[in-house]
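Student: Provided below: protein.txt, containing compact mmCIF, C-alpha atoms.
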# COMPACT_ATOMS: atom_id res chain seq x y z
CA LYS T 4 44.74 7.78 68.92
CA LEU T 5 46.49 6.47 65.82
CA ASP T 6 48.17 8.81 63.33
CA LYS T 7 46.70 6.92 60.38
CA ALA T 8 43.68 5.02 61.64
CA GLU T 9 42.85 3.74 58.17
CA ILE T 10 45.75 1.28 58.30
CA ALA T 11 44.75 -0.15 61.68
CA GLU T 12 43.16 -3.60 61.93
CA ALA T 13 41.90 -5.81 64.73
CA LYS T 14 41.53 -9.56 65.06
CA ALA T 15 39.69 -11.46 67.75
CA LYS T 16 39.59 -15.13 68.63
CA ILE T 17 36.65 -16.35 70.72
CA PHE T 18 37.10 -19.41 72.93
CA ASP T 19 34.27 -21.30 74.63
CA PRO T 20 34.29 -22.25 78.36
CA GLN T 21 36.27 -25.42 77.55
CA GLY T 22 38.94 -23.41 75.70
CA LYS T 23 37.83 -24.44 72.19
CA LEU T 24 38.11 -21.84 69.43
CA VAL T 25 34.55 -21.13 68.25
CA GLU T 26 34.82 -17.88 66.27
CA GLU T 27 37.39 -15.61 64.60
CA LEU T 28 36.64 -11.98 63.82
CA PHE T 29 38.45 -9.40 61.73
CA GLY T 30 37.85 -5.71 61.10
CA ARG T 31 39.49 -2.57 59.67
CA ALA T 32 39.37 0.88 61.16
CA ASP T 33 36.58 3.26 60.22
CA LYS T 34 37.85 6.69 61.21
CA ASP T 35 38.80 6.29 64.89
CA ARG T 36 37.18 2.95 65.74
CA ILE T 37 37.04 -0.70 64.74
CA MET T 38 33.84 -2.72 65.05
CA LEU T 39 33.99 -6.50 65.21
CA SER T 40 30.82 -8.53 64.99
CA GLY T 41 30.05 -12.23 64.78
CA GLU T 42 27.73 -14.96 66.00
CA ILE T 43 28.22 -17.83 68.43
CA ASN T 44 25.95 -20.73 67.64
CA CYS T 45 24.27 -22.56 70.53
CA PRO T 46 26.19 -20.65 73.22
CA LYS T 47 26.67 -22.05 76.69
CA LEU T 48 24.96 -19.57 79.00
CA TRP T 49 26.33 -17.96 82.13
CA ASN T 50 23.87 -19.44 84.61
CA GLY T 51 24.75 -17.97 88.00
CA VAL T 52 26.05 -20.25 90.75
CA ASN T 53 24.66 -23.29 88.93
CA ASP T 54 27.03 -22.96 85.97
CA PRO T 55 28.97 -19.67 85.59
CA ALA T 56 30.22 -20.44 82.08
CA LEU T 57 32.66 -17.86 80.71
CA TYR T 58 33.96 -17.30 77.18
CA ARG T 59 37.27 -15.62 76.39
CA ALA T 60 38.12 -13.14 73.67
CA ASP T 61 41.77 -12.68 72.65
CA ILE T 62 41.92 -9.38 70.75
CA THR T 63 44.97 -8.06 68.89
CA LEU T 64 45.37 -4.60 67.36
CA PHE T 65 47.55 -4.31 64.24
CA TYR T 66 49.03 -1.12 62.81
CA ASP T 67 50.50 -1.23 59.36
CA GLY T 68 50.44 -5.02 59.59
CA LYS T 69 52.31 -5.21 62.90
CA PRO T 70 50.78 -6.15 66.28
CA VAL T 71 50.89 -3.13 68.60
CA ASP T 72 48.52 -4.09 71.43
CA ALA T 73 46.55 -7.04 72.74
CA VAL T 74 43.98 -7.74 75.43
CA GLU T 75 42.33 -10.84 76.86
CA GLN T 76 38.71 -10.36 77.92
CA LYS T 77 36.44 -12.85 79.62
CA PHE T 78 32.70 -12.49 79.11
CA GLY T 79 29.48 -14.40 79.61
CA ILE T 80 26.31 -14.80 77.58
CA ARG T 81 23.05 -14.52 79.50
CA SER T 82 19.72 -12.74 79.70
CA TYR T 83 17.77 -11.59 82.72
CA GLN T 84 14.62 -9.77 83.71
CA ILE T 85 13.06 -8.44 86.90
CA ASP T 86 9.32 -8.82 87.41
CA ALA T 87 7.66 -6.77 90.15
CA ASP T 88 5.39 -9.67 91.08
CA LYS T 89 7.40 -12.78 90.20
CA GLY T 90 10.95 -11.69 91.04
CA PHE T 91 14.25 -12.16 89.22
CA PHE T 92 14.68 -14.41 86.17
CA LEU T 93 18.01 -15.57 84.76
CA ASN T 94 17.99 -17.01 81.24
CA GLY T 95 14.21 -17.25 81.37
CA LYS T 96 14.04 -19.20 84.65
CA SER T 97 13.18 -18.01 88.16
CA TYR T 98 16.38 -17.41 90.09
CA PRO T 99 16.08 -16.38 93.77
CA LEU T 100 18.54 -13.74 94.93
CA HIS T 101 19.98 -14.05 98.45
CA GLY T 102 22.91 -11.87 99.33
CA VAL T 103 24.81 -9.31 101.36
CA ASN T 104 26.20 -5.79 101.16
CA TYR T 105 29.97 -5.84 100.81
CA HIS T 106 32.42 -3.00 101.53
CA GLN T 107 35.93 -3.37 100.15
CA ASP T 108 37.78 -3.44 103.46
CA SER T 109 39.18 -6.04 105.81
CA TYR T 110 39.95 -6.23 109.52
CA GLU T 111 43.65 -6.68 108.73
CA SER T 112 44.23 -3.96 106.15
CA GLY T 113 41.29 -1.57 106.01
CA TRP T 114 40.82 -0.40 102.43
CA ALA T 115 44.32 -1.53 101.43
CA MET T 116 43.05 -5.06 100.77
CA SER T 117 45.04 -7.69 98.95
CA ASP T 118 43.62 -9.85 96.16
CA ALA T 119 43.89 -12.87 98.45
CA GLN T 120 41.77 -11.16 101.12
CA ARG T 121 39.05 -10.32 98.59
CA GLU T 122 39.02 -13.86 97.26
CA ARG T 123 38.76 -15.19 100.81
CA ASP T 124 35.76 -12.94 101.49
CA TYR T 125 33.93 -14.01 98.34
CA HIS T 126 34.51 -17.66 99.19
CA ILE T 127 32.84 -16.94 102.54
CA ILE T 128 29.95 -15.23 100.76
CA ARG T 129 29.43 -18.30 98.58
CA ASP T 130 29.78 -20.65 101.56
CA MET T 131 26.93 -18.70 103.18
CA GLY T 132 24.72 -19.71 100.25
CA CYS T 133 24.58 -16.24 98.73
CA THR T 134 23.67 -15.83 95.07
CA ALA T 135 24.01 -12.03 94.98
CA VAL T 136 26.08 -9.19 96.40
CA ARG T 137 25.65 -5.45 96.55
CA MET T 138 28.96 -3.65 96.14
CA ALA T 139 28.37 -0.85 98.61
CA HIS T 140 28.43 2.01 97.89
CA TYR T 141 30.92 2.99 95.23
CA GLN T 142 33.02 1.56 92.42
CA HIS T 143 34.92 -1.56 93.54
CA CYS T 144 38.10 -2.96 92.05
CA SER T 145 37.96 -5.02 88.86
CA GLN T 146 39.07 -8.21 90.63
CA GLU T 147 35.81 -8.33 92.58
CA TYR T 148 33.70 -8.31 89.42
CA SER T 149 35.86 -11.08 87.97
CA LEU T 150 35.45 -13.13 91.15
CA CYS T 151 31.66 -12.73 90.90
CA ASP T 152 31.80 -13.80 87.24
CA ASP T 153 33.76 -16.89 88.23
CA PHE T 154 31.60 -17.77 91.25
CA GLY T 155 28.29 -17.02 89.55
CA ILE T 156 27.32 -14.28 92.02
CA CYS T 157 24.90 -11.67 90.67
CA VAL T 158 26.03 -8.09 91.35
CA TRP T 159 24.32 -4.83 92.23
CA THR T 160 27.00 -2.18 91.66
CA GLU T 161 26.58 1.55 92.13
CA ILE T 162 28.18 4.96 91.96
CA GLY T 163 29.30 6.76 95.10
CA ILE T 164 26.42 9.15 95.75
CA ILE T 165 25.47 9.05 99.41
CA ASN T 166 23.71 11.24 102.00
CA LYS T 167 23.67 14.67 100.32
CA MET T 168 22.65 16.12 96.97
CA SER T 169 21.62 19.68 97.96
CA PRO T 170 24.24 22.43 98.33
CA ASP T 171 23.46 23.03 102.04
CA GLU T 172 22.20 21.17 105.10
CA SER T 173 18.51 21.73 104.39
CA GLU T 174 16.06 19.12 103.16
CA ARG T 175 15.32 21.00 99.97
CA HIS T 176 14.96 18.92 96.84
CA ILE T 177 17.47 21.09 94.97
CA LEU T 178 20.58 19.68 93.33
CA ALA T 179 23.93 21.32 93.93
CA ASP T 180 25.58 22.91 90.91
CA GLY T 181 27.02 20.24 88.65
CA PHE T 182 25.56 17.40 90.73
CA ALA T 183 23.47 15.81 87.97
CA GLU T 184 26.25 16.01 85.37
CA ASN T 185 28.76 14.55 87.81
CA ALA T 186 26.41 11.67 88.67
CA LYS T 187 25.84 11.01 84.98
CA GLN T 188 29.59 10.96 84.31
CA GLN T 189 30.20 8.55 87.19
CA LEU T 190 27.52 6.19 85.88
CA ILE T 191 28.88 6.33 82.32
CA GLU T 192 32.38 5.48 83.57
CA LEU T 193 31.07 2.65 85.78
CA ILE T 194 29.24 1.05 82.85
CA ARG T 195 32.08 1.50 80.35
CA GLN T 196 34.58 -0.07 82.74
CA ASN T 197 32.45 -3.09 83.62
CA TYR T 198 29.86 -3.87 80.94
CA ASN T 199 31.58 -7.12 79.91
CA HIS T 200 30.95 -8.70 83.33
CA PRO T 201 27.91 -11.01 83.09
CA SER T 202 27.52 -10.96 86.88
CA ILE T 203 26.28 -7.35 86.91
CA ILE T 204 22.49 -7.09 86.87
CA LEU T 205 21.88 -3.66 88.45
CA TRP T 206 23.59 -0.28 88.07
CA GLY T 207 22.78 1.74 91.21
CA ILE T 208 22.77 5.54 91.33
CA SER T 209 22.56 6.43 95.04
CA ASN T 210 22.47 5.24 98.63
CA GLU T 211 21.00 6.61 101.87
CA LEU T 212 20.05 10.07 100.63
CA HIS T 213 19.15 12.01 103.76
CA GLN T 214 18.26 15.32 102.13
CA MET T 215 14.77 14.62 100.86
CA SER T 216 11.76 16.90 100.85
CA ASP T 217 8.22 15.73 101.55
CA GLU T 218 7.21 15.53 97.89
CA ILE T 219 9.71 12.75 97.31
CA PHE T 220 7.79 10.60 99.76
CA GLU T 221 4.35 11.19 98.23
CA VAL T 222 2.56 8.05 97.08
CA PRO T 223 -0.82 7.70 95.34
CA CYS T 224 -3.93 7.05 97.40
CA PRO T 225 -5.06 3.47 96.54
CA THR T 226 -8.63 4.68 95.97
CA CYS T 227 -8.46 8.01 94.11
CA GLN T 228 -4.72 8.21 93.20
CA LYS T 229 -4.37 11.62 94.88
CA PRO T 230 -0.79 12.15 96.16
CA VAL T 231 -0.47 11.40 99.87
CA PRO T 232 2.59 12.18 102.03
CA TRP T 233 4.37 9.02 103.15
CA THR T 234 4.80 8.53 106.88
CA GLN T 235 5.91 5.69 109.10
CA GLU T 236 2.31 5.31 110.32
CA SER T 237 0.83 5.10 106.83
CA GLN T 238 3.64 3.27 105.06
CA PHE T 239 1.56 0.25 104.07
CA ARG T 240 -1.61 1.79 102.59
CA PRO T 241 -1.76 5.59 102.96
CA PHE T 242 -5.16 7.12 102.10
CA CYS T 243 -5.97 10.76 101.49
CA SER T 244 -9.16 10.58 103.57
CA LYS T 245 -11.26 8.33 105.78
CA ARG T 246 -13.79 8.09 102.94
CA CYS T 247 -11.21 6.62 100.56
CA GLN T 248 -10.07 4.20 103.22
CA LEU T 249 -13.65 2.99 103.81
CA ILE T 250 -14.34 2.64 100.09
CA ASP T 251 -11.14 0.58 99.68
CA LEU T 252 -12.08 -1.56 102.70
CA GLY T 253 -15.54 -2.15 101.26
CA GLU T 254 -14.22 -3.28 97.86
CA TRP T 255 -11.71 -5.62 99.50
CA ALA T 256 -14.30 -6.99 101.90
CA ALA T 257 -16.82 -7.61 99.14
CA GLU T 258 -14.23 -9.59 97.18
CA GLU T 259 -12.94 -11.57 100.16
CA LYS T 260 -16.31 -11.88 101.95
CA ALA T 261 -14.41 -10.80 105.05
CA ILE T 262 -17.30 -8.76 106.51
CA PRO T 263 -21.08 -8.87 106.02
CA SER T 264 -22.33 -7.42 102.77
CA ASP T 265 -24.33 -4.65 104.46
CA THR T 266 -21.15 -3.42 106.13
CA ALA T 267 -19.38 -3.49 102.77
CA ASP T 268 -22.22 -1.54 101.22
CA PHE T 269 -21.88 1.03 104.00
CA ALA T 270 -18.15 1.32 103.41
CA MET T 271 -18.70 1.90 99.70
CA ASP T 272 -21.39 4.56 100.22
CA PRO T 273 -20.19 7.66 98.26
CA ASN T 274 -22.08 9.96 100.64
CA ILE T 275 -19.76 9.19 103.54
CA SER T 276 -17.89 12.36 104.51
CA ASP T 277 -14.26 12.66 105.37
Would you mind giving the structure from this file in structure tokens?
Tutor:
Amino acid sequence: KLDKAEIAEAKAKIFDPQGKLVEELFGRADKDRIMLSGEINCPKLWNGVNDPALYRADITLFYDGKPVDAVEQKFGIRSYQIDADKGFFLNGKSYPLHGVNYHQDSYESGWAMSDAQRERDYHIIRDMGCTAVRMAHYQHCSQEYSLCDDFGICVWTEIGIINKMSPDESERHILADGFAENAKQQLIELIRQNYNHPSIILWGISNELHQMSDEIFEVPCPTCQKPVPWTQESQFRPFCSKRCQLIDLGEWAAEEKAIPSDTADFAMDPNISD
């Protein structure tokens, strides 16, 4: 924190993927922060493995007219959306995701990996034809995100919550003291550290939670929307009763003409008991 923030200034130079200067920004401190804003006309988009175009920002902090700090930050410009029916879209176009889970360890060094080992692994991931990676199941080092930016690999990153969230070994859906606040703090730190990486498309909050009570697995009955416990046997279309199952079968059959109409009428009869 600066002693006299009002005499602090910041300048930024923005370079396009070919290294051409496209924008210069300048701002003075307002209390304890400096906001720089500008516009890049007709930007070249970060387009995954097809064209992972990256811009660069060279930012210098001045105090009383003298440079006191500087940072170089790569970033990409892109948009994305996830549609439950149509899948993932990058910059408005369908973009299939094929990928792997990746733990930050190697057969030679365990978790004490070198940068060269990580780069080797991500080259293998790309050679496999992958367009995405899930960084399992915790914060990974900054070099990995940069490699994914460079290679055009979309990233699912996540905080390190795994297996337990209750204070004991039961399956109660009760959070341990401080659990929610700790998870929130981890997620805030993960985003603040990595939000400039265009490769990141998902911020995960947990993995393989074993302590789960039955109500977590309840899903709505397709016919009446009444909550129904999820089980392995009913995982595809769980119904709350035989009547609801027959009604649903009748509506489907009538639409698809899969069974004779009199059978469909029978299935849709509201007088059928459970």
Student: Leaving out T:Asn199 and any residue of its chain fewer than 5 positions from it, which residues lie within 12 Å of it when counting all atoms listed in the file, given as JSON, numbers by chain?
Tutor: {"T": [57, 58, 59, 60, 75, 76, 77, 78, 79, 80, 81, 145, 148, 149, 152, 193, 194, 204]}
Student: Which is closer to T:Ala73 than all the others in T:Glu122, T:Leu249, T:Trp159, T:Ala13, using all atoms listed in the file?
Tutor: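 For T:Ala73, the nearest of the given residues is T:Ala13.
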Student: Please report the interatomic distance between atom CA of T:Ser82 and atom CA of T:Phe154 in Å with one decimal.
Tutor: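 That distance, rounded to one decimal, is 17.3 Å.
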Student: Here is a test: counting only C-alpha atoms, which residue of T:Asp54, T:Glu12, T:Asp108, T:Asp19 is nearest to T:Leu39?
Tutor: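 Of T:Asp54, T:Glu12, T:Asp108, T:Asp19, the one nearest T:Leu39, counting only C-alpha atoms, is T:Glu12.
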Student: Given the choices T:Cys144, T:Ala15, T:Val103, T:Ala115, which gets closest to T:Ile128 if the distance is worked out from all atoms listed in the file?
Tutor: T:Val103
Student: Taking into account only C-alpha atoms, which residue in the set T:Ser117, T:Ala11, T:Cys227, T:Gly51 is nearest to T:Asp33?
Tutor: T:Ala11
Student: Tell me which of T:Ala179, T:Met116, T:Leu100, T:Cys224 sits closest to T:His143, counting all atoms listed in the file.
Tutor: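 Closest candidate: T:Met116.
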Student: Excluding same-chain residues fewer than 2 positions from T:His101, what lies within 9 Å of it counting only C-alpha atoms, as a list in words?
Tutor: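 Within the cut-off, the hits are Pro99, Val103, Gly132, Cys133, Thr134, Ala135 and Val136 of chain T.
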Student: May I have the selected residues written with C-alpha atoms, as a compact mmCIF listing (two decimals), in the coordinates of the input?
Tutor:
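Now in part00.txt:
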# COMPACT_ATOMS: atom_id res chain seq x y z
CA PRO T 99 16.08 -16.38 93.77
CA VAL T 103 24.81 -9.31 101.36
CA GLY T 132 24.72 -19.71 100.25
CA CYS T 133 24.58 -16.24 98.73
CA THR T 134 23.67 -15.83 95.07
CA ALA T 135 24.01 -12.03 94.98
CA VAL T 136 26.08 -9.19 96.40
Student: For the atom pair atom CA of T:Asp35 and atom CA of T:Gly68, what is the interatomic distance in Å to one decimal place?
Tutor: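 Distance reported for this atom pair: 17.1 Å.
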Student: So what do you get for atom CA of T:Arg31 versus atom CA of T:Tyr66, distance-wise?
Tutor: 10.1 Å
Student: Give the centre and edge lengths of an axis-aligned box, in Å to one decimal, that holds all listed atoms of stretch 124-129 of chain T with 8 Å on each side, as AutoDock Vina command-line options.
Tutor:
--center_x 32.6 --center_y -15.6 --center_z 100.4 --size_x 22.3 --size_y 21.4 --size_z 20.2
Student: Could stretch 19-34 of chain T be completed with N, CA, C and O atoms and written as a PDB file, keeping the file's coordinate frame, please?
Tutor:
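So the final result, stored in out_21.pdb, reads:
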ATOM      1  N   ASP T  19      35.397 -20.926  73.780  1.00  0.00           N
ATOM      2  CA  ASP T  19      34.270 -21.300  74.630  1.00  0.00           C
ATOM      3  C   ASP T  19      34.773 -21.655  76.036  1.00  0.00           C
ATOM      4  O   ASP T  19      35.984 -21.648  76.303  1.00  0.00           O
ATOM      5  N   PRO T  20      33.866 -21.955  76.984  1.00  0.00           N
ATOM      6  CA  PRO T  20      34.290 -22.250  78.360  1.00  0.00           C
ATOM      7  C   PRO T  20      35.262 -23.407  78.502  1.00  0.00           C
ATOM      8  O   PRO T  20      35.979 -23.498  79.508  1.00  0.00           O
ATOM      9  N   GLN T  21      35.318 -24.302  77.506  1.00  0.00           N
ATOM     10  CA  GLN T  21      36.270 -25.420  77.550  1.00  0.00           C
ATOM     11  C   GLN T  21      37.588 -25.077  76.856  1.00  0.00           C
ATOM     12  O   GLN T  21      38.483 -25.915  76.752  1.00  0.00           O
ATOM     13  N   GLY T  22      37.707 -23.836  76.361  1.00  0.00           N
ATOM     14  CA  GLY T  22      38.940 -23.410  75.700  1.00  0.00           C
ATOM     15  C   GLY T  22      38.987 -23.709  74.219  1.00  0.00           C
ATOM     16  O   GLY T  22      40.037 -23.540  73.587  1.00  0.00           O
ATOM     17  N   LYS T  23      37.874 -24.131  73.623  1.00  0.00           N
ATOM     18  CA  LYS T  23      37.830 -24.440  72.190  1.00  0.00           C
ATOM     19  C   LYS T  23      37.560 -23.174  71.386  1.00  0.00           C
ATOM     20  O   LYS T  23      36.675 -22.383  71.722  1.00  0.00           O
ATOM     21  N   LEU T  24      38.317 -22.979  70.321  1.00  0.00           N
ATOM     22  CA  LEU T  24      38.110 -21.840  69.430  1.00  0.00           C
ATOM     23  C   LEU T  24      36.776 -21.996  68.704  1.00  0.00           C
ATOM     24  O   LEU T  24      36.550 -23.004  68.030  1.00  0.00           O
ATOM     25  N   VAL T  25      35.880 -21.020  68.854  1.00  0.00           N
ATOM     26  CA  VAL T  25      34.550 -21.130  68.250  1.00  0.00           C
ATOM     27  C   VAL T  25      34.272 -20.032  67.225  1.00  0.00           C
ATOM     28  O   VAL T  25      33.329 -20.146  66.436  1.00  0.00           O
ATOM     29  N   GLU T  26      35.086 -18.974  67.210  1.00  0.00           N
ATOM     30  CA  GLU T  26      34.820 -17.880  66.270  1.00  0.00           C
ATOM     31  C   GLU T  26      36.075 -17.028  66.118  1.00  0.00           C
ATOM     32  O   GLU T  26      36.838 -16.816  67.061  1.00  0.00           O
ATOM     33  N   GLU T  27      36.314 -16.555  64.879  1.00  0.00           N
ATOM     34  CA  GLU T  27      37.390 -15.610  64.600  1.00  0.00           C
ATOM     35  C   GLU T  27      36.791 -14.405  63.902  1.00  0.00           C
ATOM     36  O   GLU T  27      35.992 -14.541  62.974  1.00  0.00           O
ATOM     37  N   LEU T  28      37.198 -13.224  64.349  1.00  0.00           N
ATOM     38  CA  LEU T  28      36.640 -11.980  63.820  1.00  0.00           C
ATOM     39  C   LEU T  28      37.778 -11.095  63.320  1.00  0.00           C
ATOM     40  O   LEU T  28      38.896 -11.126  63.836  1.00  0.00           O
ATOM     41  N   PHE T  29      37.459 -10.296  62.310  1.00  0.00           N
ATOM     42  CA  PHE T  29      38.450  -9.400  61.730  1.00  0.00           C
ATOM     43  C   PHE T  29      37.757  -8.105  61.312  1.00  0.00           C
ATOM     44  O   PHE T  29      36.618  -8.126  60.843  1.00  0.00           O
ATOM     45  N   GLY T  30      38.440  -6.978  61.518  1.00  0.00           N
ATOM     46  CA  GLY T  30      37.850  -5.710  61.100  1.00  0.00           C
ATOM     47  C   GLY T  30      38.917  -4.655  60.868  1.00  0.00           C
ATOM     48  O   GLY T  30      39.994  -4.697  61.474  1.00  0.00           O
ATOM     49  N   ARG T  31      38.616  -3.710  59.954  1.00  0.00           N
ATOM     50  CA  ARG T  31      39.490  -2.570  59.670  1.00  0.00           C
ATOM     51  C   ARG T  31      38.909  -1.305  60.285  1.00  0.00           C
ATOM     52  O   ARG T  31      37.716  -1.210  60.525  1.00  0.00           O
ATOM     53  N   ALA T  32      39.782  -0.353  60.515  1.00  0.00           N
ATOM     54  CA  ALA T  32      39.370   0.880  61.160  1.00  0.00           C
ATOM     55  C   ALA T  32      38.442   1.684  60.260  1.00  0.00           C
ATOM     56  O   ALA T  32      38.616   1.740  59.039  1.00  0.00           O
ATOM     57  N   ASP T  33      37.448   2.285  60.882  1.00  0.00           N
ATOM     58  CA  ASP T  33      36.580   3.260  60.220  1.00  0.00           C
ATOM     59  C   ASP T  33      36.702   4.539  61.021  1.00  0.00           C
ATOM     60  O   ASP T  33      36.122   4.676  62.096  1.00  0.00           O
ATOM     61  N   LYS T  34      37.483   5.469  60.491  1.00  0.00           N
ATOM     62  CA  LYS T  34      37.850   6.690  61.210  1.00  0.00           C
ATOM     63  C   LYS T  34      38.629   6.325  62.476  1.00  0.00           C
ATOM     64  O   LYS T  34      39.732   5.848  62.401  1.00  0.00           O
TER      65      LYS T  34
END
